[in-house]
file target-v2.cif (mmCIF, C-alpha atoms)
data_target
#
loop_
_atom_site.group_PDB
_atom_site.id
_atom_site.type_symbol
_atom_site.label_atom_id
_atom_site.label_comp_id
_atom_site.auth_asym_id
_atom_site.auth_seq_id
_atom_site.Cartn_x
_atom_site.Cartn_y
_atom_site.Cartn_z
ATOM 1 C CA MET A 1 32.660 -4.263 31.818
ATOM 2 C CA HIS A 2 29.743 -2.277 33.209
ATOM 3 C CA LEU A 3 27.978 -4.856 35.304
ATOM 4 C CA ASN A 4 25.125 -4.523 37.687
ATOM 5 C CA SER A 5 26.570 -5.929 40.933
ATOM 6 C CA LYS A 6 23.233 -7.270 42.207
ATOM 7 C CA ASN A 7 22.510 -9.779 39.498
ATOM 8 C CA ASN A 8 25.738 -9.746 37.511
ATOM 9 C CA LYS A 9 23.867 -8.423 34.440
ATOM 10 C CA ILE A 10 25.155 -5.853 31.986
ATOM 11 C CA ASP A 11 23.727 -2.406 32.722
ATOM 12 C CA MET A 12 22.560 -1.065 29.354
ATOM 13 C CA LYS A 13 22.350 2.470 30.699
ATOM 14 C CA LYS A 14 26.065 2.460 31.402
ATOM 15 C CA LEU A 15 27.094 1.075 28.032
ATOM 16 C CA ASP A 16 28.603 3.479 25.574
ATOM 17 C CA ILE A 17 25.813 4.760 23.342
ATOM 18 C CA GLN A 18 28.123 5.634 20.481
ATOM 19 C CA GLU A 19 28.588 3.289 17.583
ATOM 20 C CA HIS A 20 32.197 4.318 16.870
ATOM 21 C CA PHE A 21 31.749 4.012 13.131
ATOM 22 C CA GLN A 22 34.059 6.527 11.473
ATOM 23 C CA VAL A 23 34.196 7.560 7.831
ATOM 24 C CA PRO A 24 37.208 8.848 5.887
ATOM 25 C CA GLU A 25 37.515 12.622 6.066
ATOM 26 C CA GLY A 26 35.558 14.386 3.327
ATOM 27 C CA TYR A 27 33.809 11.163 2.307
ATOM 28 C CA PHE A 28 30.387 12.805 1.989
ATOM 29 C CA ASP A 29 31.713 16.060 0.482
ATOM 30 C CA ASP A 30 32.115 14.617 -2.987
ATOM 31 C CA PHE A 31 29.913 11.545 -2.662
ATOM 32 C CA THR A 32 27.066 13.037 -4.732
ATOM 33 C CA SER A 33 29.274 13.911 -7.702
ATOM 34 C CA ARG A 34 30.956 10.487 -7.573
ATOM 35 C CA MET A 35 27.575 8.783 -7.355
ATOM 36 C CA MET A 36 26.069 10.779 -10.215
ATOM 37 C CA SER A 37 28.993 9.893 -12.468
ATOM 38 C CA MET A 38 28.289 6.209 -11.736
ATOM 39 C CA LEU A 39 24.565 6.377 -12.551
ATOM 40 C CA PRO A 40 23.750 4.665 -15.825
ATOM 41 C CA GLU A 41 22.085 6.669 -18.579
ATOM 42 C CA GLN A 42 18.464 5.661 -18.902
ATOM 43 C CA ASP A 43 15.189 6.745 -20.462
ATOM 44 C CA PHE A 44 12.810 8.869 -18.424
ATOM 45 C CA GLN A 45 11.192 6.873 -15.613
ATOM 46 C CA PRO A 46 7.549 7.937 -15.354
ATOM 47 C CA MET A 47 6.505 8.029 -11.726
ATOM 48 C CA LYS A 48 3.034 7.062 -10.511
ATOM 49 C CA VAL A 49 3.169 9.521 -7.671
ATOM 50 C CA ASP A 50 0.015 10.700 -5.924
ATOM 51 C CA MET A 51 1.101 14.244 -5.237
ATOM 52 C CA PRO A 52 -0.012 15.056 -1.714
ATOM 53 C CA MET A 53 -2.899 17.502 -1.610
ATOM 54 C CA VAL A 54 -2.556 20.599 0.484
ATOM 55 C CA GLN A 55 -5.467 22.052 2.438
ATOM 56 C CA ASN A 56 -5.116 25.187 4.539
ATOM 57 C CA GLY A 57 -1.372 24.831 4.291
ATOM 58 C CA ARG A 58 -1.446 21.327 5.794
ATOM 59 C CA ARG A 59 -0.388 18.295 3.827
ATOM 60 C CA ILE A 60 -2.984 15.565 3.371
ATOM 61 C CA SER A 61 -1.461 12.150 2.902
ATOM 62 C CA PRO A 62 -2.583 10.069 -0.114
ATOM 63 C CA MET A 63 -4.054 7.495 2.332
ATOM 64 C CA VAL A 64 -6.211 10.146 4.056
ATOM 65 C CA ALA A 65 -7.257 11.452 0.646
ATOM 66 C CA ARG A 66 -8.310 7.919 -0.394
ATOM 67 C CA ILE A 67 -10.312 7.406 2.813
ATOM 68 C CA ALA A 68 -12.016 10.789 2.322
ATOM 69 C CA THR A 69 -12.866 9.866 -1.275
ATOM 70 C CA ALA A 70 -14.294 6.490 -0.196
ATOM 71 C CA ALA A 71 -16.353 8.208 2.527
ATOM 72 C CA ALA A 72 -17.673 10.718 -0.021
ATOM 73 C CA VAL A 73 -18.720 7.884 -2.359
ATOM 74 C CA VAL A 74 -20.569 6.105 0.485
ATOM 75 C CA VAL A 75 -22.383 9.346 1.454
ATOM 76 C CA LEU A 76 -23.273 9.944 -2.197
ATOM 77 C CA MET A 77 -24.685 6.421 -2.475
ATOM 78 C CA LEU A 78 -26.741 6.874 0.707
ATOM 79 C CA VAL A 79 -28.110 10.208 -0.509
ATOM 80 C CA SER A 80 -28.960 8.712 -3.928
ATOM 81 C CA THR A 81 -30.732 5.741 -2.317
ATOM 82 C CA TYR A 82 -32.679 8.045 -0.016
ATOM 83 C CA THR A 83 -33.639 10.340 -2.899
ATOM 84 C CA LEU A 84 -34.739 7.404 -5.029
ATOM 85 C CA PHE A 85 -36.774 5.990 -2.154
ATOM 86 C CA SER A 86 -38.358 9.374 -1.443
ATOM 87 C CA THR A 87 -39.226 9.877 -5.115
ATOM 88 C CA LYS A 88 -40.860 6.451 -5.216
ATOM 89 C CA GLN A 89 -42.836 7.279 -2.079
ATOM 90 C CA MET A 90 -43.875 10.602 -3.620
ATOM 91 C CA GLN A 91 -44.960 8.826 -6.787
ATOM 92 C CA GLN A 92 -46.996 6.397 -4.711
ATOM 93 C CA ALA A 93 -48.518 9.325 -2.812
ATOM 94 C CA ASP A 94 -49.223 11.030 -6.134
ATOM 95 C CA GLU A 95 -50.962 7.916 -7.386
ATOM 96 C CA ALA A 96 -53.103 7.852 -4.253
ATOM 97 C CA VAL A 97 -54.021 11.506 -4.702
ATOM 98 C CA PHE A 98 -54.551 10.856 -8.392
ATOM 99 C CA SER A 99 -57.015 8.063 -7.555
ATOM 100 C CA SER A 100 -58.837 10.242 -5.105
ATOM 101 C CA ALA A 101 -58.897 13.019 -7.702
ATOM 102 C CA GLU A 102 -60.443 10.621 -10.182
ATOM 103 C CA GLU A 103 -63.037 9.787 -7.607
ATOM 104 C CA LEU A 104 -63.681 13.483 -7.127
ATOM 105 C CA THR A 105 -63.917 14.183 -10.840
ATOM 106 C CA GLY A 106 -66.276 11.304 -11.455
ATOM 107 C CA SER A 107 -65.852 9.799 -14.887
ATOM 108 C CA TYR A 108 -63.169 12.275 -15.915
ATOM 109 C CA ASN A 109 -59.612 11.095 -16.108
ATOM 110 C CA ALA A 110 -57.453 13.369 -13.973
ATOM 111 C CA ASN A 111 -54.955 13.836 -16.797
ATOM 112 C CA ASP A 112 -57.696 14.860 -19.166
ATOM 113 C CA ALA A 113 -59.094 17.198 -16.554
ATOM 114 C CA ALA A 114 -55.721 18.756 -15.956
ATOM 115 C CA GLU A 115 -55.247 19.256 -19.665
ATOM 116 C CA TYR A 116 -58.651 20.785 -19.956
ATOM 117 C CA ALA A 117 -57.952 23.185 -17.119
ATOM 118 C CA MET A 118 -54.589 24.016 -18.723
ATOM 119 C CA LEU A 119 -52.828 23.026 -15.544
ATOM 120 C CA ASP A 120 -49.935 20.656 -15.193
ATOM 121 C CA ARG A 121 -50.669 17.430 -13.377
ATOM 122 C CA GLN A 122 -49.129 18.481 -10.088
ATOM 123 C CA ASP A 123 -51.016 21.761 -9.928
ATOM 124 C CA PHE A 124 -54.220 20.015 -10.800
ATOM 125 C CA LEU A 125 -53.754 17.445 -8.068
ATOM 126 C CA GLU A 126 -53.019 20.187 -5.556
ATOM 127 C CA MET A 127 -56.076 22.040 -6.618
ATOM 128 C CA VAL A 128 -58.422 19.085 -6.327
ATOM 129 C CA THR A 129 -57.027 17.957 -2.989
ATOM 130 C CA GLU A 130 -57.667 21.474 -1.608
ATOM 131 C CA LEU A 131 -61.290 21.080 -2.416
ATOM 132 C CA MET B 1 20.272 23.581 0.075
ATOM 133 C CA GLN B 2 17.632 21.150 1.315
ATOM 134 C CA VAL B 3 14.497 20.553 -0.759
ATOM 135 C CA ASP B 4 11.380 19.134 0.897
ATOM 136 C CA ASP B 5 10.215 15.707 -0.251
ATOM 137 C CA THR B 6 7.064 16.996 -1.950
ATOM 138 C CA SER B 7 9.057 19.373 -4.149
ATOM 139 C CA LEU B 8 11.697 16.725 -4.743
ATOM 140 C CA LEU B 9 9.043 14.262 -5.933
ATOM 141 C CA ARG B 10 7.617 16.828 -8.328
ATOM 142 C CA LEU B 11 11.080 17.384 -9.805
ATOM 143 C CA LEU B 12 11.713 13.639 -10.017
ATOM 144 C CA ALA B 13 8.411 13.118 -11.811
ATOM 145 C CA ASP B 14 9.343 15.703 -14.446
ATOM 146 C CA GLU B 15 11.329 14.411 -17.424
ATOM 147 C CA ARG B 16 13.293 17.664 -17.693
ATOM 148 C CA THR B 17 14.505 17.618 -14.087
ATOM 149 C CA GLN B 18 14.570 13.933 -13.144
ATOM 150 C CA ARG B 19 18.336 13.386 -13.216
ATOM 151 C CA GLN B 20 19.146 16.677 -11.517
ATOM 152 C CA ALA B 21 16.545 15.968 -8.819
ATOM 153 C CA PHE B 22 18.056 12.559 -8.240
ATOM 154 C CA GLY B 23 21.373 14.283 -7.554
ATOM 155 C CA GLN B 24 19.572 16.329 -4.914
ATOM 156 C CA LEU B 25 18.090 13.138 -3.466
ATOM 157 C CA VAL B 26 21.574 11.569 -3.234
ATOM 158 C CA ASN B 27 22.882 14.695 -1.553
ATOM 159 C CA GLN B 28 20.077 14.733 1.017
ATOM 160 C CA TYR B 29 19.916 11.040 1.857
ATOM 161 C CA SER B 30 23.456 9.645 1.464
ATOM 162 C CA GLU B 31 24.571 10.274 5.038
ATOM 163 C CA ARG B 32 21.401 8.950 6.657
ATOM 164 C CA LEU B 33 21.358 5.821 4.485
ATOM 165 C CA TYR B 34 25.065 5.254 5.024
ATOM 166 C CA ARG B 35 24.537 5.116 8.794
ATOM 167 C CA GLN B 36 21.761 2.527 8.453
ATOM 168 C CA ILE B 37 23.768 0.428 5.999
ATOM 169 C CA ARG B 38 26.939 0.582 8.087
ATOM 170 C CA ARG B 39 25.053 -0.858 11.033
ATOM 171 C CA VAL B 40 24.294 -3.960 9.017
ATOM 172 C CA VAL B 41 27.510 -4.512 7.060
ATOM 173 C CA LEU B 42 29.719 -2.894 9.755
ATOM 174 C CA THR B 43 32.824 -1.926 7.759
ATOM 175 C CA HIS B 44 33.229 1.303 5.806
ATOM 176 C CA GLU B 45 34.330 -0.345 2.560
ATOM 177 C CA ASP B 46 31.268 -2.578 2.504
ATOM 178 C CA ALA B 47 28.941 0.275 3.483
ATOM 179 C CA ASN B 48 30.340 2.359 0.627
ATOM 180 C CA ASP B 49 29.642 -0.442 -1.893
ATOM 181 C CA VAL B 50 26.122 -1.029 -0.592
ATOM 182 C CA LEU B 51 25.299 2.686 -0.537
ATOM 183 C CA GLN B 52 26.265 2.999 -4.201
ATOM 184 C CA ASN B 53 24.194 -0.088 -5.079
ATOM 185 C CA THR B 54 21.255 1.382 -3.160
ATOM 186 C CA PHE B 55 21.234 4.589 -5.194
ATOM 187 C CA ILE B 56 21.648 2.717 -8.484
ATOM 188 C CA LYS B 57 18.662 0.491 -7.567
ATOM 189 C CA ALA B 58 16.616 3.562 -6.600
ATOM 190 C CA TRP B 59 17.540 5.315 -9.873
ATOM 191 C CA GLN B 60 16.592 2.310 -11.971
ATOM 192 C CA GLY B 61 13.409 1.726 -9.982
ATOM 193 C CA LEU B 62 12.052 5.272 -9.792
ATOM 194 C CA SER B 63 8.916 4.229 -11.650
ATOM 195 C CA SER B 64 8.160 1.677 -8.910
ATOM 196 C CA PHE B 65 7.754 4.425 -6.297
ATOM 197 C CA GLU B 66 4.013 4.985 -5.972
ATOM 198 C CA GLY B 67 3.934 7.504 -3.156
ATOM 199 C CA ARG B 68 2.299 5.056 -0.743
ATOM 200 C CA SER B 69 5.154 5.529 1.684
ATOM 201 C CA GLN B 70 7.471 8.409 2.375
ATOM 202 C CA LEU B 71 10.484 8.814 0.128
ATOM 203 C CA SER B 72 12.778 8.141 3.093
ATOM 204 C CA SER B 73 10.974 4.872 3.925
ATOM 205 C CA TRP B 74 11.226 3.726 0.301
ATOM 206 C CA LEU B 75 14.965 4.455 0.182
ATOM 207 C CA TYR B 76 15.472 2.849 3.589
ATOM 208 C CA ARG B 77 13.841 -0.374 2.419
ATOM 209 C CA ILE B 78 16.015 -0.499 -0.694
ATOM 210 C CA ALA B 79 19.104 0.099 1.468
ATOM 211 C CA MET B 80 18.188 -2.684 3.887
ATOM 212 C CA ASN B 81 17.429 -5.134 1.075
ATOM 213 C CA GLU B 82 20.750 -4.314 -0.545
ATOM 214 C CA SER B 83 22.592 -4.730 2.775
ATOM 215 C CA VAL B 84 21.079 -8.136 3.481
ATOM 216 C CA ASP B 85 21.655 -9.206 -0.122
ATOM 217 C CA PHE B 86 25.287 -8.075 0.093
ATOM 218 C CA LEU B 87 25.928 -10.104 3.259
ATOM 219 C CA ARG B 88 24.244 -13.173 1.808
ATOM 220 C CA LYS B 89 26.340 -13.042 -1.376
ATOM 221 C CA ARG B 90 29.532 -12.531 0.596
ATOM 222 C CA LYS B 91 28.725 -15.468 2.845
ATOM 223 C CA GLN B 92 28.056 -17.668 -0.177
ATOM 224 C CA ALA B 93 31.306 -16.572 -1.828
ATOM 225 C CA ALA B 94 33.270 -17.163 1.395
ATOM 226 C CA SER B 95 31.864 -20.663 1.837
ATOM 227 C CA ILE B 96 32.780 -21.543 -1.766
ATOM 228 C CA GLU B 97 36.276 -20.069 -1.579
ATOM 229 C CA GLY B 98 36.912 -21.200 2.024
ATOM 230 C CA ASP B 99 37.660 -17.611 3.086
ATOM 231 C CA GLY B 100 39.091 -17.647 6.610
ATOM 232 C CA GLU B 101 37.744 -14.187 7.391
ATOM 233 C CA GLU B 102 34.227 -15.576 7.835
ATOM 234 C CA GLY B 103 35.503 -17.580 10.795
ATOM 235 C CA LEU B 104 36.485 -14.409 12.660
ATOM 236 C CA SER B 105 34.025 -12.986 15.149
ATOM 237 C CA ILE B 106 32.360 -9.682 14.306
ATOM 238 C CA ALA B 107 34.077 -8.093 17.294
ATOM 239 C CA SER B 108 37.502 -9.219 16.004
ATOM 240 C CA ARG B 109 36.799 -7.895 12.531
ATOM 241 C CA LEU B 110 35.657 -4.557 13.932
ATOM 242 C CA MET B 111 38.769 -4.226 16.070
ATOM 243 C CA ALA B 112 40.827 -4.733 12.924
ATOM 244 C CA ASP B 113 38.859 -2.115 10.942
ATOM 245 C CA GLU B 114 40.693 1.232 10.731
ATOM 246 C CA TRP B 115 37.341 3.064 10.586
ATOM 247 C CA PHE B 116 36.080 1.641 13.887
ATOM 248 C CA ASP B 117 37.388 3.575 16.880
ATOM 249 C CA GLY B 118 35.585 1.846 19.742
ATOM 250 C CA ASP B 119 37.075 -0.353 22.444
ATOM 251 C CA GLU B 120 36.571 -4.090 22.810
ATOM 252 C CA LEU B 121 33.371 -3.655 24.800
ATOM 253 C CA SER B 122 31.878 -1.517 22.014
ATOM 254 C CA ALA B 123 32.917 -4.125 19.459
ATOM 255 C CA GLN B 124 31.283 -6.848 21.556
ATOM 256 C CA LEU B 125 28.118 -4.773 21.796
ATOM 257 C CA GLN B 126 28.086 -4.570 17.988
ATOM 258 C CA GLN B 127 28.491 -8.326 17.817
ATOM 259 C CA ALA B 128 25.627 -8.845 20.284
ATOM 260 C CA ILE B 129 23.424 -6.517 18.230
ATOM 261 C CA ASN B 130 24.404 -8.282 15.018
ATOM 262 C CA GLU B 131 23.264 -11.611 16.443
ATOM 263 C CA LEU B 132 19.732 -10.309 17.075
ATOM 264 C CA PRO B 133 16.914 -11.128 14.648
ATOM 265 C CA GLU B 134 16.499 -8.391 12.035
ATOM 266 C CA VAL B 135 13.513 -6.535 13.511
ATOM 267 C CA GLN B 136 14.883 -6.573 17.068
ATOM 268 C CA ARG B 137 18.249 -5.333 15.761
ATOM 269 C CA LYS B 138 16.686 -2.431 13.865
ATOM 270 C CA VAL B 139 14.451 -1.423 16.764
ATOM 271 C CA PHE B 140 17.322 -1.599 19.235
ATOM 272 C CA GLN B 141 19.621 0.516 17.051
ATOM 273 C CA MET B 142 16.995 3.161 16.383
ATOM 274 C CA LYS B 143 15.954 3.360 20.026
ATOM 275 C CA TYR B 144 19.329 2.987 21.714
ATOM 276 C CA PHE B 145 21.717 4.831 19.399
ATOM 277 C CA ASP B 146 19.395 7.235 17.565
ATOM 278 C CA GLU B 147 17.116 7.804 20.561
ATOM 279 C CA MET B 148 14.124 7.777 18.231
ATOM 280 C CA LYS B 149 10.562 7.732 19.593
ATOM 281 C CA TYR B 150 8.505 4.585 19.129
ATOM 282 C CA SER B 151 6.066 6.580 16.976
ATOM 283 C CA GLU B 152 8.901 7.519 14.582
ATOM 284 C CA ILE B 153 10.189 3.944 14.413
ATOM 285 C CA SER B 154 6.642 2.731 13.848
ATOM 286 C CA GLU B 155 6.272 4.961 10.794
ATOM 287 C CA LEU B 156 9.589 3.851 9.355
ATOM 288 C CA LEU B 157 9.144 0.123 9.908
ATOM 289 C CA GLY B 158 5.361 -0.079 9.528
ATOM 290 C CA THR B 159 4.994 -1.933 12.862
ATOM 291 C CA SER B 160 2.737 -1.088 15.806
ATOM 292 C CA GLU B 161 4.260 0.747 18.765
ATOM 293 C CA GLY B 162 3.267 -2.097 21.109
ATOM 294 C CA ALA B 163 5.147 -4.634 19.017
ATOM 295 C CA LEU B 164 8.172 -2.317 18.866
ATOM 296 C CA LYS B 165 8.271 -1.929 22.646
ATOM 297 C CA ALA B 166 8.149 -5.704 23.051
ATOM 298 C CA SER B 167 10.938 -6.133 20.463
ATOM 299 C CA TYR B 168 13.129 -3.572 22.220
ATOM 300 C CA HIS B 169 12.770 -5.216 25.620
ATOM 301 C CA ILE B 170 13.504 -8.662 24.205
ATOM 302 C CA ALA B 171 16.567 -7.220 22.419
ATOM 303 C CA VAL B 172 17.893 -5.706 25.666
ATOM 304 C CA LYS B 173 17.396 -9.032 27.428
ATOM 305 C CA LYS B 174 19.269 -10.942 24.707
ATOM 306 C CA ILE B 175 22.166 -8.472 24.735
ATOM 307 C CA SER B 176 22.429 -8.821 28.512
ATOM 308 C CA GLU B 177 22.499 -12.603 28.095
ATOM 309 C CA PHE B 178 25.186 -12.273 25.417
ATOM 310 C CA PHE B 179 27.443 -10.433 27.860
ATOM 311 C CA ASP B 180 26.659 -12.966 30.603
ATOM 312 C CA ASN B 181 27.788 -15.768 28.337
ATOM 313 C CA HIS B 182 30.929 -13.949 27.199
ATOM 314 C CA ASP B 183 32.273 -13.077 30.643
#
call {"tool": "encode", "arguments": {"input": "target-v2.cif", "output": "structure tokens"}}
result
Amino acid sequence: MHLNSKNNKIDMKKLDIQEHFQVPEGYFDDFTSRMMSMLPEQDFQPMKVDMPMVQNGRRISPMVARIATAAAVVVLMLVSTYTLFSTKQMQQADEAVFSSAEELTGSYNANDAAEYAMLDRQDFLEMVTEL
Amino acid sequence: MQVDDTSLLRLLADERTQRQAFGQLVNQYSERLYRQIRRVVLTHEDANDVLQNTFIKAWQGLSSFEGRSQLSSWLYRIAMNESVDFLRKRKQAASIEGDGEEGLSIASRLMADEWFDGDELSAQLQQAINELPEVQRKVFQMKYFDEMKYSEISELLGTSEGALKASYHIAVKKISEFFDNHD
């Protein structure tokens, strides 16, 4: 026995690190053909495999791909929310300009005025606010 | 000729090449899986039976592989489930039939196995390892015999490196205690 003399414990570093499991000679040489002859016949098994994507020659694991997709969705949602908010703010700003334009044009409705001047609404508003 | 797992999966997912690709899978993984199975069931005859069952289960369950783990991890899990199942069934059968072999220590059975060439100390080490809880046993074998890194074991077993280090140290302590008690 390989014992550590100080505390009478087994010294793992001195134990044999081989497992001593032997196999009959040539066992693996014909294992595949024996195994394949034992496999039952069966219909095609469709596999739900996420084929790993490859970017710049490096494999991206399906988990990383899922995280990247989730991150992209979150960014898209943030951008959409921001755009929607900005558009609403612009509409509110437009309305304010529109009101001031109505004030400037007296009794004329700004839409009517724009139509009369053959300008679209935005151009008309820009024109009147430059005044 | 070795085929990488990505290519092998593509061939397995194709109806025209599925069976042929499975032959390639058997060729590439039989030796590695055999080693893992033999560590659990210990004798060659039993390891041979369990290895065959493992590949039959994998063949019949190809559609259950979803690519969430590596092919090797998926096969390893099937092999370990089959090994544990095999031992459980044998134990049940032995208790029903009153088989005297179950009463023999693992070390004694190994010494009687023609495909085990270690001495008594090596057989006792195998017995000590076999008495460890499953996770500690796996971690010890991978670290001690295979000299695998904790990061590699972590990927295979899906356990954190910290937990693996703790398991390994506890396993070493228990094996030391086993030898203390058997002096």
call {"tool": "interface_residues", "arguments": {"input": "target-v2.cif", "of": "chain B", "to": "chain A", "cutoff": "6 Å", "atoms": "all atoms listed in the file", "output": "compact mmCIF listing (two decimals) with C-alpha atoms, in the frame of the given file"}}
result
# COMPACT_ATOMS: atom_id res chain seq x y z
CA ALA B 13 8.41 13.12 -11.81
CA GLU B 15 11.33 14.41 -17.42
CA VAL B 26 21.57 11.57 -3.23
CA ASN B 27 22.88 14.70 -1.55
CA SER B 63 8.92 4.23 -11.65
CA GLU B 66 4.01 4.99 -5.97
CA GLY B 67 3.93 7.50 -3.16
CA TRP B 115 37.34 3.06 10.59
CA PHE B 116 36.08 1.64 13.89
CA ASP B 117 37.39 3.58 16.88
CA GLY B 118 35.58 1.85 19.74
CA PHE B 145 21.72 4.83 19.40
CA SER B 176 22.43 -8.82 28.51
call {"tool": "resolve_selection", "arguments": {"input": "target-v2.cif", "expression": "the PyMOL selection byres ((chain B and resi 71-78) around 8)", "output": "MDAnalysis selection string"}}
result
chainID B and resid 5 29 33 36 54 57:58 65 67 69:70 79:82 156:157
call {"tool": "residues_around", "arguments": {"input": "target-v2.cif", "residues": "Ile170 of chain B", "least_positions_apart": "5", "cutoff": "9 Å", "atoms": "all atoms listed in the file", "output": "mmCIF file with C-alpha atoms, keeping the file's coordinate frame"}}
result
data_model
loop_
_atom_site.group_PDB
_atom_site.id
_atom_site.type_symbol
_atom_site.label_atom_id
_atom_site.label_comp_id
_atom_site.auth_asym_id
_atom_site.auth_seq_id
_atom_site.Cartn_x
_atom_site.Cartn_y
_atom_site.Cartn_z
ATOM 1 C CA GLN B 136 14.883 -6.573 17.068
ATOM 2 C CA LYS B 165 8.271 -1.929 22.646
ATOM 3 C CA ILE B 175 22.166 -8.472 24.735
#
call {"tool": "atom_distance", "arguments": {"input": "target-v2.cif", "atom1": "atom CA of Ala128 of chain B", "atom2": "atom CA of Ile106 of chain B"}}
result
9.0 Å
call {"tool": "closest_residue", "arguments": {"input": "target-v2.cif", "among": "B:Thr6, B:Gln20, B:Asp146, B:Asp119", "to": "Arg32 of chain B", "atoms": "all atoms listed in the file"}}
result
B:Asp146
call {"tool": "atom_distance", "arguments": {"input": "target-v2.cif", "atom1": "atom CA of Val50 of chain B", "atom2": "atom CA of Lys91 of chain B"}}
result
15.1 Å
call {"tool": "resolve_selection", "arguments": {"input": "target-v2.cif", "expression": "the PyMOL selection byres ((chain B and resi 151) around 12)", "output": "PDB file with C-alpha atoms, keeping the file's coordinate frame"}}
result
ATOM      1  CA  VAL B 139      14.451  -1.423  16.764  1.00  0.00           C
ATOM      2  CA  MET B 142      16.995   3.161  16.383  1.00  0.00           C
ATOM      3  CA  LYS B 143      15.954   3.360  20.026  1.00  0.00           C
ATOM      4  CA  GLU B 147      17.116   7.804  20.561  1.00  0.00           C
ATOM      5  CA  MET B 148      14.124   7.777  18.231  1.00  0.00           C
ATOM      6  CA  LYS B 149      10.562   7.732  19.593  1.00  0.00           C
ATOM      7  CA  TYR B 150       8.505   4.585  19.129  1.00  0.00           C
ATOM      8  CA  GLU B 152       8.901   7.519  14.582  1.00  0.00           C
ATOM      9  CA  ILE B 153      10.189   3.944  14.413  1.00  0.00           C
ATOM     10  CA  SER B 154       6.642   2.731  13.848  1.00  0.00           C
ATOM     11  CA  GLU B 155       6.272   4.961  10.794  1.00  0.00           C
ATOM     12  CA  LEU B 156       9.589   3.851   9.355  1.00  0.00           C
ATOM     13  CA  LEU B 157       9.144   0.123   9.908  1.00  0.00           C
ATOM     14  CA  GLY B 158       5.361  -0.079   9.528  1.00  0.00           C
ATOM     15  CA  THR B 159       4.994  -1.933  12.862  1.00  0.00           C
ATOM     16  CA  SER B 160       2.737  -1.088  15.806  1.00  0.00           C
ATOM     17  CA  GLU B 161       4.260   0.747  18.765  1.00  0.00           C
ATOM     18  CA  GLY B 162       3.267  -2.097  21.109  1.00  0.00           C
ATOM     19  CA  ALA B 163       5.147  -4.634  19.017  1.00  0.00           C
ATOM     20  CA  LEU B 164       8.172  -2.317  18.866  1.00  0.00           C
ATOM     21  CA  LYS B 165       8.271  -1.929  22.646  1.00  0.00           C
TER      22      LYS B 165
END
call {"tool": "closest_residue", "arguments": {"input": "target-v2.cif", "among": "B:Arg90, B:Arg39, B:Asn53, B:Phe179", "to": "Phe140 of chain B", "atoms": "only C-alpha atoms"}}
result
B:Arg39
call {"tool": "atom_distance", "arguments": {"input": "target-v2.cif", "atom1": "atom CA of Phe86 of chain B", "atom2": "atom CA of Val135 of chain B"}}
result
17.9 Å
